[in-house]
Every structure is written in structure tokens, then in C-alpha cells.
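Participant: Below you'll find upload33.cif; it's mmCIF, C-alpha atoms.
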```cif
data_target
#
loop_
_atom_site.label_atom_id
_atom_site.label_comp_id
_atom_site.auth_asym_id
_atom_site.auth_seq_id
_atom_site.Cartn_x
_atom_site.Cartn_y
_atom_site.Cartn_z
CA MET A 807 106.04 107.56 113.41
CA CYS A 808 108.83 105.09 112.72
CA LEU A 809 112.57 105.12 113.29
CA ILE A 810 115.51 103.66 111.37
CA ALA A 811 119.18 103.74 112.34
CA LEU A 812 121.55 102.64 109.58
CA SER A 813 125.30 102.08 109.42
CA PHE A 814 126.55 101.50 105.88
CA GLY A 815 130.13 100.66 104.92
CA GLU A 816 131.67 101.55 108.29
CA HIS A 817 132.06 98.29 110.21
CA PRO A 818 134.96 96.07 109.05
CA ASP A 819 132.87 92.88 109.17
CA LEU A 820 129.29 94.14 108.78
CA PRO A 821 128.87 96.47 105.79
CA LEU A 822 125.16 96.82 106.52
CA ILE A 823 123.69 97.33 110.00
CA LEU A 824 120.06 98.38 110.25
CA ALA A 825 117.84 98.72 113.30
CA ALA A 826 114.25 99.88 112.99
CA ASN A 827 111.15 100.50 115.07
CA ARG A 828 107.75 100.20 113.45
CA ASP A 829 105.27 102.55 115.11
CA GLU A 830 101.62 102.08 114.26
CA PHE A 831 98.11 102.02 115.68
CA HIS A 832 97.74 98.81 117.69
CA ARG A 833 94.39 98.04 116.06
CA ARG A 834 95.85 98.01 112.53
CA PRO A 835 96.09 94.38 111.40
CA SER A 836 99.51 93.07 110.49
CA GLN A 837 101.34 89.78 110.12
CA ASP A 838 104.49 88.82 111.99
CA ALA A 839 107.70 88.49 109.98
CA ARG A 840 107.97 85.26 107.97
CA TRP A 841 108.93 83.94 104.58
CA TRP A 842 106.04 84.89 102.30
CA PRO A 843 104.13 81.96 100.75
CA ASP A 844 103.37 83.95 97.58
CA LYS A 845 106.91 85.37 97.34
CA PRO A 846 109.06 82.61 98.89
CA ASP A 847 112.33 84.55 98.53
CA VAL A 848 111.04 87.50 100.58
CA VAL A 849 111.08 87.74 104.37
CA GLY A 850 109.43 90.44 106.46
CA GLY A 851 106.25 91.48 108.20
CA ARG A 852 103.09 92.43 106.33
CA ASP A 853 100.49 95.15 106.69
CA LEU A 854 97.21 93.29 106.27
CA GLN A 855 95.20 96.49 105.79
CA ALA A 856 97.01 97.81 102.71
CA GLY A 857 98.87 94.67 101.67
CA GLY A 858 102.41 96.04 101.65
CA THR A 859 105.26 96.00 104.12
CA TRP A 860 107.42 98.48 105.99
CA LEU A 861 110.67 96.46 105.83
CA ALA A 862 111.65 93.29 103.99
CA LEU A 863 114.62 91.41 102.52
CA HIS A 864 115.12 89.23 99.45
CA ARG A 865 117.33 86.14 99.42
CA ASN A 866 119.46 87.75 96.69
CA GLY A 867 120.70 90.36 99.19
CA ARG A 868 118.32 93.26 98.55
CA PHE A 869 116.52 95.18 101.27
CA ALA A 870 114.00 98.00 101.34
CA THR A 871 112.21 99.97 104.04
CA VAL A 872 109.74 102.86 103.96
CA THR A 873 108.42 105.45 106.41
CA ASN A 874 105.61 107.94 106.10
CA TYR A 875 106.44 111.63 105.83
CA ARG A 876 104.74 113.69 108.52
CA ASP A 877 103.31 116.89 107.05
CA ALA A 878 100.03 118.73 106.66
CA ARG A 879 99.18 117.33 103.22
CA ALA A 880 96.18 115.01 103.32
CA PRO A 881 96.41 111.80 101.27
CA GLU A 882 94.61 112.11 97.97
CA PRO A 883 92.02 109.61 96.74
CA GLY A 884 93.67 106.98 94.60
CA HIS A 885 97.09 107.10 96.24
CA LEU A 886 98.86 103.75 96.17
CA SER A 887 100.05 102.02 99.33
CA ARG A 888 103.58 103.14 100.22
CA GLY A 889 104.34 99.60 101.34
CA HIS A 890 104.34 98.44 97.74
CA LEU A 891 107.45 100.54 97.13
CA VAL A 892 109.32 97.98 99.23
CA THR A 893 108.13 94.95 97.30
CA GLY A 894 108.64 96.83 94.06
CA PHE A 895 112.36 97.11 94.71
CA LEU A 896 112.72 93.56 95.99
CA GLY A 897 111.12 92.23 92.83
CA SER A 898 113.26 94.38 90.55
CA ASP A 899 116.61 93.66 88.90
CA LEU A 900 117.50 97.37 88.81
CA SER A 901 120.24 98.88 90.94
CA PRO A 902 119.05 100.93 93.94
CA GLY A 903 119.58 104.24 92.16
CA GLU A 904 118.03 103.03 88.93
CA PHE A 905 114.96 101.73 90.72
CA LEU A 906 114.38 105.01 92.54
CA GLY A 907 114.48 106.78 89.20
CA THR A 908 111.44 104.77 88.08
CA VAL A 909 109.22 105.61 91.08
CA GLU A 910 106.19 107.73 90.19
CA GLU A 911 106.37 109.90 93.30
CA ASP A 912 103.05 111.70 92.92
CA ARG A 913 101.14 108.39 93.08
CA TYR A 914 101.92 108.11 96.80
CA ALA A 915 101.32 110.12 99.95
CA GLY A 916 104.47 111.50 101.59
CA PHE A 917 107.17 108.85 101.96
CA ASN A 918 110.83 108.16 102.69
CA LEU A 919 112.28 105.11 100.95
CA LEU A 920 115.62 103.39 101.57
CA VAL A 921 116.64 100.61 99.18
CA GLY A 922 119.88 98.77 98.75
CA THR A 923 122.28 95.90 99.07
CA ARG A 924 125.34 95.47 101.27
CA HIS A 925 127.29 97.29 98.53
CA GLU A 926 124.98 100.20 97.66
CA VAL A 927 122.20 102.12 99.40
CA ALA A 928 120.00 104.88 97.97
CA TYR A 929 117.27 107.14 99.34
CA LEU A 930 114.23 108.87 97.89
CA SER A 931 111.55 111.10 99.40
CA ASN A 932 108.70 112.67 97.48
CA ARG A 933 109.11 115.70 99.72
CA GLU A 934 112.44 116.74 98.18
CA ASP A 935 113.88 116.80 94.67
CA GLY A 936 116.09 114.01 93.40
CA THR A 937 117.56 110.88 94.91
CA ARG A 938 120.55 110.37 97.18
CA SER A 939 123.21 107.69 96.83
CA LEU A 940 124.52 107.15 100.35
CA ALA A 941 128.21 107.32 101.10
CA PRO A 942 129.57 105.13 103.90
CA GLY A 943 128.32 106.52 107.20
CA THR A 944 125.69 106.43 109.91
CA TYR A 945 122.18 107.65 109.08
CA GLY A 946 118.91 108.21 110.86
CA LEU A 947 115.40 108.34 109.44
CA SER A 948 111.99 108.92 110.96
CA ASN A 949 109.08 110.82 109.45
CA ALA A 950 110.97 113.83 108.13
CA LEU A 951 113.80 113.82 105.58
CA LEU A 952 116.85 111.59 106.03
CA ASP A 953 118.97 112.80 108.97
CA GLY A 954 116.30 115.31 109.93
CA PRO A 955 117.19 117.07 113.22
CA TRP A 956 114.71 115.28 115.46
CA HIS A 957 115.72 114.31 119.00
CA LYS A 958 115.06 110.58 118.45
CA VAL A 959 116.94 110.53 115.15
CA GLU A 960 120.03 112.32 116.43
CA ARG A 961 120.10 110.30 119.65
CA SER A 962 119.83 106.97 117.83
CA LYS A 963 122.46 107.91 115.24
CA GLU A 964 124.92 108.90 117.94
CA ARG A 965 124.38 105.67 119.86
CA LEU A 966 124.77 103.52 116.73
CA ALA A 967 127.94 105.37 115.68
CA SER A 968 129.33 104.76 119.16
CA LEU A 969 128.63 101.02 118.95
CA VAL A 970 130.40 100.82 115.58
CA ALA A 971 133.38 102.86 116.79
CA ARG A 972 133.77 100.68 119.90
CA GLY A 973 133.40 97.41 117.98
CA ALA A 974 130.39 96.64 120.16
CA VAL A 975 127.77 95.89 117.50
CA THR A 976 125.67 92.89 118.50
CA GLU A 977 122.03 92.07 118.02
CA THR A 978 121.50 92.48 121.76
CA GLU A 979 123.05 95.96 121.78
CA LEU A 980 121.03 97.04 118.76
CA MET A 981 117.79 95.85 120.34
CA ARG A 982 118.74 97.77 123.48
CA LEU A 983 119.45 100.89 121.40
CA MET A 984 116.00 100.77 119.80
CA ASN A 985 114.31 100.13 123.17
CA ASP A 986 115.23 103.66 124.27
CA ARG A 987 112.10 105.09 125.90
CA ASN A 988 113.60 108.45 126.87
CA LYS A 989 111.59 111.41 125.57
CA ALA A 990 112.93 114.75 124.39
CA PRO A 991 112.99 117.61 126.92
CA ALA A 992 109.55 119.15 127.25
CA ALA A 993 110.83 122.51 126.00
CA ALA A 994 111.85 120.92 122.70
CA VAL A 995 108.45 119.39 121.90
CA GLU A 996 106.65 120.66 118.79
CA THR A 997 102.95 119.91 119.12
CA ASP A 998 102.09 120.47 115.42
CA ARG A 999 98.32 119.85 115.75
CA LEU A 1000 98.83 117.21 118.46
CA ASP A 1001 98.05 117.48 122.14
CA PHE A 1002 101.19 117.92 124.24
CA ARG A 1003 101.04 114.47 125.84
CA THR A 1004 100.99 112.72 122.46
CA ALA A 1005 103.58 115.05 120.93
CA HIS A 1006 105.90 114.40 123.87
CA ALA A 1007 105.37 110.62 123.81
CA ILE A 1008 106.36 110.27 120.15
CA THR A 1009 109.71 112.00 120.70
CA ALA A 1010 110.97 108.77 122.31
CA PRO A 1011 112.72 106.27 120.00
CA PHE A 1012 110.45 103.57 121.48
CA ILE A 1013 106.87 104.81 121.83
CA VAL A 1014 104.45 103.49 124.43
CA MET A 1015 100.83 104.69 124.30
CA PRO A 1016 97.53 102.79 124.70
CA ASP A 1017 96.33 103.20 121.10
CA TYR A 1018 99.56 103.81 119.18
CA GLY A 1019 103.18 102.90 119.66
CA THR A 1020 106.14 100.73 118.76
CA ARG A 1021 104.75 97.41 117.53
CA CYS A 1022 108.05 95.75 116.63
CA THR A 1023 111.80 96.24 116.47
CA THR A 1024 113.78 94.74 113.61
CA VAL A 1025 117.54 94.26 113.37
CA VAL A 1026 119.19 93.43 110.03
CA LEU A 1027 122.86 92.47 109.74
CA ALA A 1028 124.79 91.59 106.57
CA ASP A 1029 128.43 90.49 106.60
CA ASN A 1030 131.14 90.67 103.97
CA HIS A 1031 130.39 87.13 102.76
CA GLY A 1032 126.74 87.80 101.96
CA ASN A 1033 125.30 86.20 105.09
CA TRP A 1034 122.16 87.98 106.32
CA ARG A 1035 120.36 87.87 109.67
CA PHE A 1036 116.90 89.36 110.23
CA THR A 1037 115.38 89.45 113.73
CA GLU A 1038 111.97 90.87 114.61
CA ARG A 1039 110.91 91.43 118.23
CA ARG A 1040 107.25 92.25 118.86
CA PHE A 1041 105.52 94.24 121.61
CA ASP A 1042 102.05 94.82 123.06
CA PRO A 1043 100.49 98.27 123.75
CA ALA A 1044 102.22 98.38 127.16
CA GLY A 1045 105.61 97.92 125.51
CA ARG A 1046 106.02 94.34 126.75
CA ARG A 1047 107.69 91.77 124.52
CA THR A 1048 105.21 89.31 122.98
CA GLY A 1049 107.34 87.35 120.53
CA GLU A 1050 110.50 87.15 118.47
CA ALA A 1051 111.65 85.44 115.29
CA THR A 1052 115.00 85.23 113.50
CA PHE A 1053 115.67 84.38 109.86
CA THR A 1054 119.06 83.76 108.22
CA PHE A 1055 120.13 83.24 104.64
CA SER A 1056 123.09 83.61 102.29
CA GLU A 1057 123.06 85.38 98.94
#
```
Represent the structure contained in this file as C-alpha cells.
Facilitator:
Amino acid sequence: MCLIALSFGEHPDLPLILAANRDEFHRRPSQDARWWPDKPDVVGGRDLQAGGTWLALHRNGRFATVTNYRDARAPEPGHLSRGHLVTGFLGSDLSPGEFLGTVEEDRYAGFNLLVGTRHEVAYLSNREDGTRSLAPGTYGLSNALLDGPWHKVERSKERLASLVARGAVTETELMRLMNDRNKAPAAAVETDRLDFRTAHAITAPFIVMPDYGTRCTTVVLADNHGNWRFTERRFDPAGRRTGEATFTFSE
């Protein structure tokens, strides 16, 4: 499970506002966000098991983020790592929509992919037909289709839209938004092959479980002048903060 809340083209000073939780097994090896030695214009965390990333930026003002799609289809042998979709866009000169048109969807297990700049954002899932060019608005994404009616998605979208409307968008407020540990009402939980305790736990925007949960929260802000700020806050299995790093650059 992962969660992304995105405001695009709504704030007068911040055309791109993105807050994301990366949920993963705590034993899966990963690297904290940093500028990459082998790709010095890219900043983000790295999945050391598959070699890709879940969210990263390029100094030229491009960003990409990917989530898994939760369904009953088992990954097929030979599927590529979904994390390479992120680096593929960052290393491309194509527009967001053009890039998505080149993705060979059947080479990957189920995914949701958001790519863009502060001027244009596009979305692709290999669990629906076609691509979407996003109009200005507030969006939520987890492990179903964009704006899927999950409790955590709807709750986070509403809270982000409220921050934008009130002119209260700050890094602190966005971190607080993503640290929401409130679960959905028990009656609304869909177990879907999971035991109830696990199914209920993952309805929270911020997941805390011994083996699996929210490993980091990332906030990305881009202003009208092409100044970008990327902050990653990391957590242990008990949901306690273990570290934080901020990176800034201008296009």
C-alpha cells in the first residue's frame, strides 16, 4: 500500500504540491533519499532489492511516482520492476503524455504511474485503458485507480483541498496530513484475502504494523519560478521518526 495526495494548478504560488507515504515491508532494503551518484541530476530514495524508486525528481523540473495496483493477478515471470518507470520518465525528453504512450504496459505487474512537471501532469495505469492528462485539481492515489473511493484516499484529498483553500499549505501541515493514523470504520473494511486486523490497519493513511507499514513520508513543492523542495521523513516499524533530509534546486 502507498498513498499520494496531489494538488496541481490550484495554489496561486505553488502549482505542484505532492505529499506521499511509502508503505513497504520493513525488511525490504532501501536507500534514503539523496542525489544519485550514477545519475547526479536525480534525487530520491532507492529500492535496493529491485533497483528502482517509488518517487524521484530531476533537476530539470520533472517528477515521477509509482504505486502498485492491488488485485488478484499474480506477477508473471519476467515482469520488469515498476520502479524503473520512474527513472524512465526522468531520463526522457518526452512530454508526460508522450512518455506514457511509449510504456509497454504488459511488461509490468499492476501499476499506477504519475509523471509530470509543474505545468503538466499525466497518469497511466495498466489496469484501465488509455492515459489521463490531469486538469487542475486535487487528486488522491493509493493501490487502486486514481481517485479510487478508498477511505484513506478520500480523507487525504479532502484535507489537502482544505489546506489549499485556506492558504495553509506548509511543509509542516503536509507532513501532519500524511501522519494521519486514523483507520476506516470497522464496518467499511474489505478483507479481500487478508485477516481483519491487517485489512483494518492498512485503511489508515499512515500504517503502523510490526512487519509492514509506512517507511517514509515525502513532501514535494514547486513554485511558479521553478524552485523545488523535496523533503523525506523516515520512520521505524513503531511509526517513530528516525531521520529527515531536505533537498532544494531550481530548474
Participant: Using the chain letters and numbers from the file, give me the residues hit by the PyMOL selection byres ((chain A and resi 1030) around 7), as a list of chain:residue names.
Facilitator: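 Taken over the shown coordinates, the PyMOL selection byres ((chain A and resi 1030) around 7) returns A:Asp819, A:Leu820, A:Pro821, A:Ala1028, A:Asp1029, A:His1031, A:Gly1032.
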Participant: Skipping near chain neighbours, those fewer than 2 positions away, what residues fall within 7 Å of Leu896 in chain A using all atoms listed in the file, listed as JSON, numbers by chain?
Facilitator: {"A": [864, 868, 869, 892, 893, 894, 898]}
Participant: Tell me which protein, DNA and RNA residues are within 12 Å of Arg1047 in chain A, counting all atoms listed in the file, leaving out same-chain ones fewer than 3 positions away, and put them as a ChimeraX atom specification.
Facilitator: /A:981,985,1020-1023,1038-1044,1050-1051
Participant: Starting from the PyMOL selection byres ((chain A and resi 931-942) around 10), expand the selection into actual residues of this file and give them as JSON, numbers by chain.
Facilitator: {"A": [813, 814, 815, 816, 817, 821, 822, 872, 873, 874, 875, 877, 902, 903, 904, 906, 907, 909, 910, 911, 912, 913, 914, 915, 916, 917, 918, 919, 920, 921, 922, 925, 926, 927, 928, 929, 930, 943, 944, 945, 950, 951, 952]}
Participant: So that I can see what lies close to Ala862 in chain A, please list as a PDB file with C-alpha atoms, in the frame of the given file the residues with an atom at most 6 Å from it, counting all atoms listed in the file and leaving out residues fewer than 3 positions away in the same chain.
Facilitator:
```pdb
ATOM      1  CA  VAL A 849     111.080  87.740 104.370  1.00  0.00           C
ATOM      2  CA  GLY A 850     109.430  90.440 106.460  1.00  0.00           C
ATOM      3  CA  PHE A 869     116.520  95.180 101.270  1.00  0.00           C
ATOM      4  CA  ALA A 870     114.000  98.000 101.340  1.00  0.00           C
TER       5      ALA A 870
END
```
Participant: CA of Asn827 in chain A and CA of Val848 in chain A, how far apart in Å?
Facilitator: 19.5 Å
Participant: For the structure shown, which residues end up in the PyMOL selection byres ((chain A and resi 958) around 7)? Put them as a PyMOL selection string, please?
Facilitator: chain A and resi 956-957+959-962+1009-1011
Participant: Measure the distance from CA of Ile810 in chain A to CA of Leu854 in chain A in Å and round it to one decimal.
Facilitator: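 CA of Leu854 in chain A lies 21.6 Å from CA of Ile810 in chain A.
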Participant: Any idea what the distance is between CA of Met1015 in chain A and CA of Glu979 in chain A?
Facilitator: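 Computed distance, CA of Met1015 in chain A to CA of Glu979 in chain A, equals 24.0 Å.
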Participant: Return the single residue from A:Ser901, A:Thr908, A:Thr923, A:Asn949 that is closest to Asn1033 in chain A, with distances computed using all atoms listed in the file.
Facilitator: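 Residue with the minimum atom-to-atom distance to Asn1033 in chain A: A:Thr923.
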Participant: Could you list as an MDAnalysis selection string every residue that has an atom within 10 Å of (125.3, 105.1, 118.0), using the file's coordinates and counting only C-alpha atoms?
Facilitator: chainID A and resid 811:813 944:945 960:972 975 980 983
Participant: When you look at Gln855 in chain A with a cut-off of 9 Å (counting only C-alpha atoms), what residues show up, excluding the ones that are within fewer than 3 positions of it in the same chain? I need them as a VMD selection string.
Facilitator: chain A and resid 834 to 836 852 858
Participant: From the set A:Thr871, A:Gln837, A:Thr1004, A:Thr1054, which residue has the shortest atom-to-atom contact distance to Ala856 in chain A, counting only C-alpha atoms?
Facilitator: A:Gln837
Participant: Which is closest to Pro818 in chain A among A:Gly973, A:Ala839, A:Leu900, A:Arg1046, if we use only C-alpha atoms?
Facilitator: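 Looking at the shortest contact to Pro818 in chain A, the residue is A:Gly973.
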Participant: Between A:Lys845, A:Arg888, A:Arg987, A:Arg1035, which one has atoms that come closest to His1006 in chain A, using all atoms listed in the file?
Facilitator: A:Arg987
Participant: May I ask which of the residues A:Leu861, A:Val1025, A:Cys808, A:Leu891 is the closest one to Ile1008 in chain A, counting all atoms listed in the file?
Facilitator: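 Closest to Ile1008 in chain A, using all atoms listed in the file: A:Cys808.
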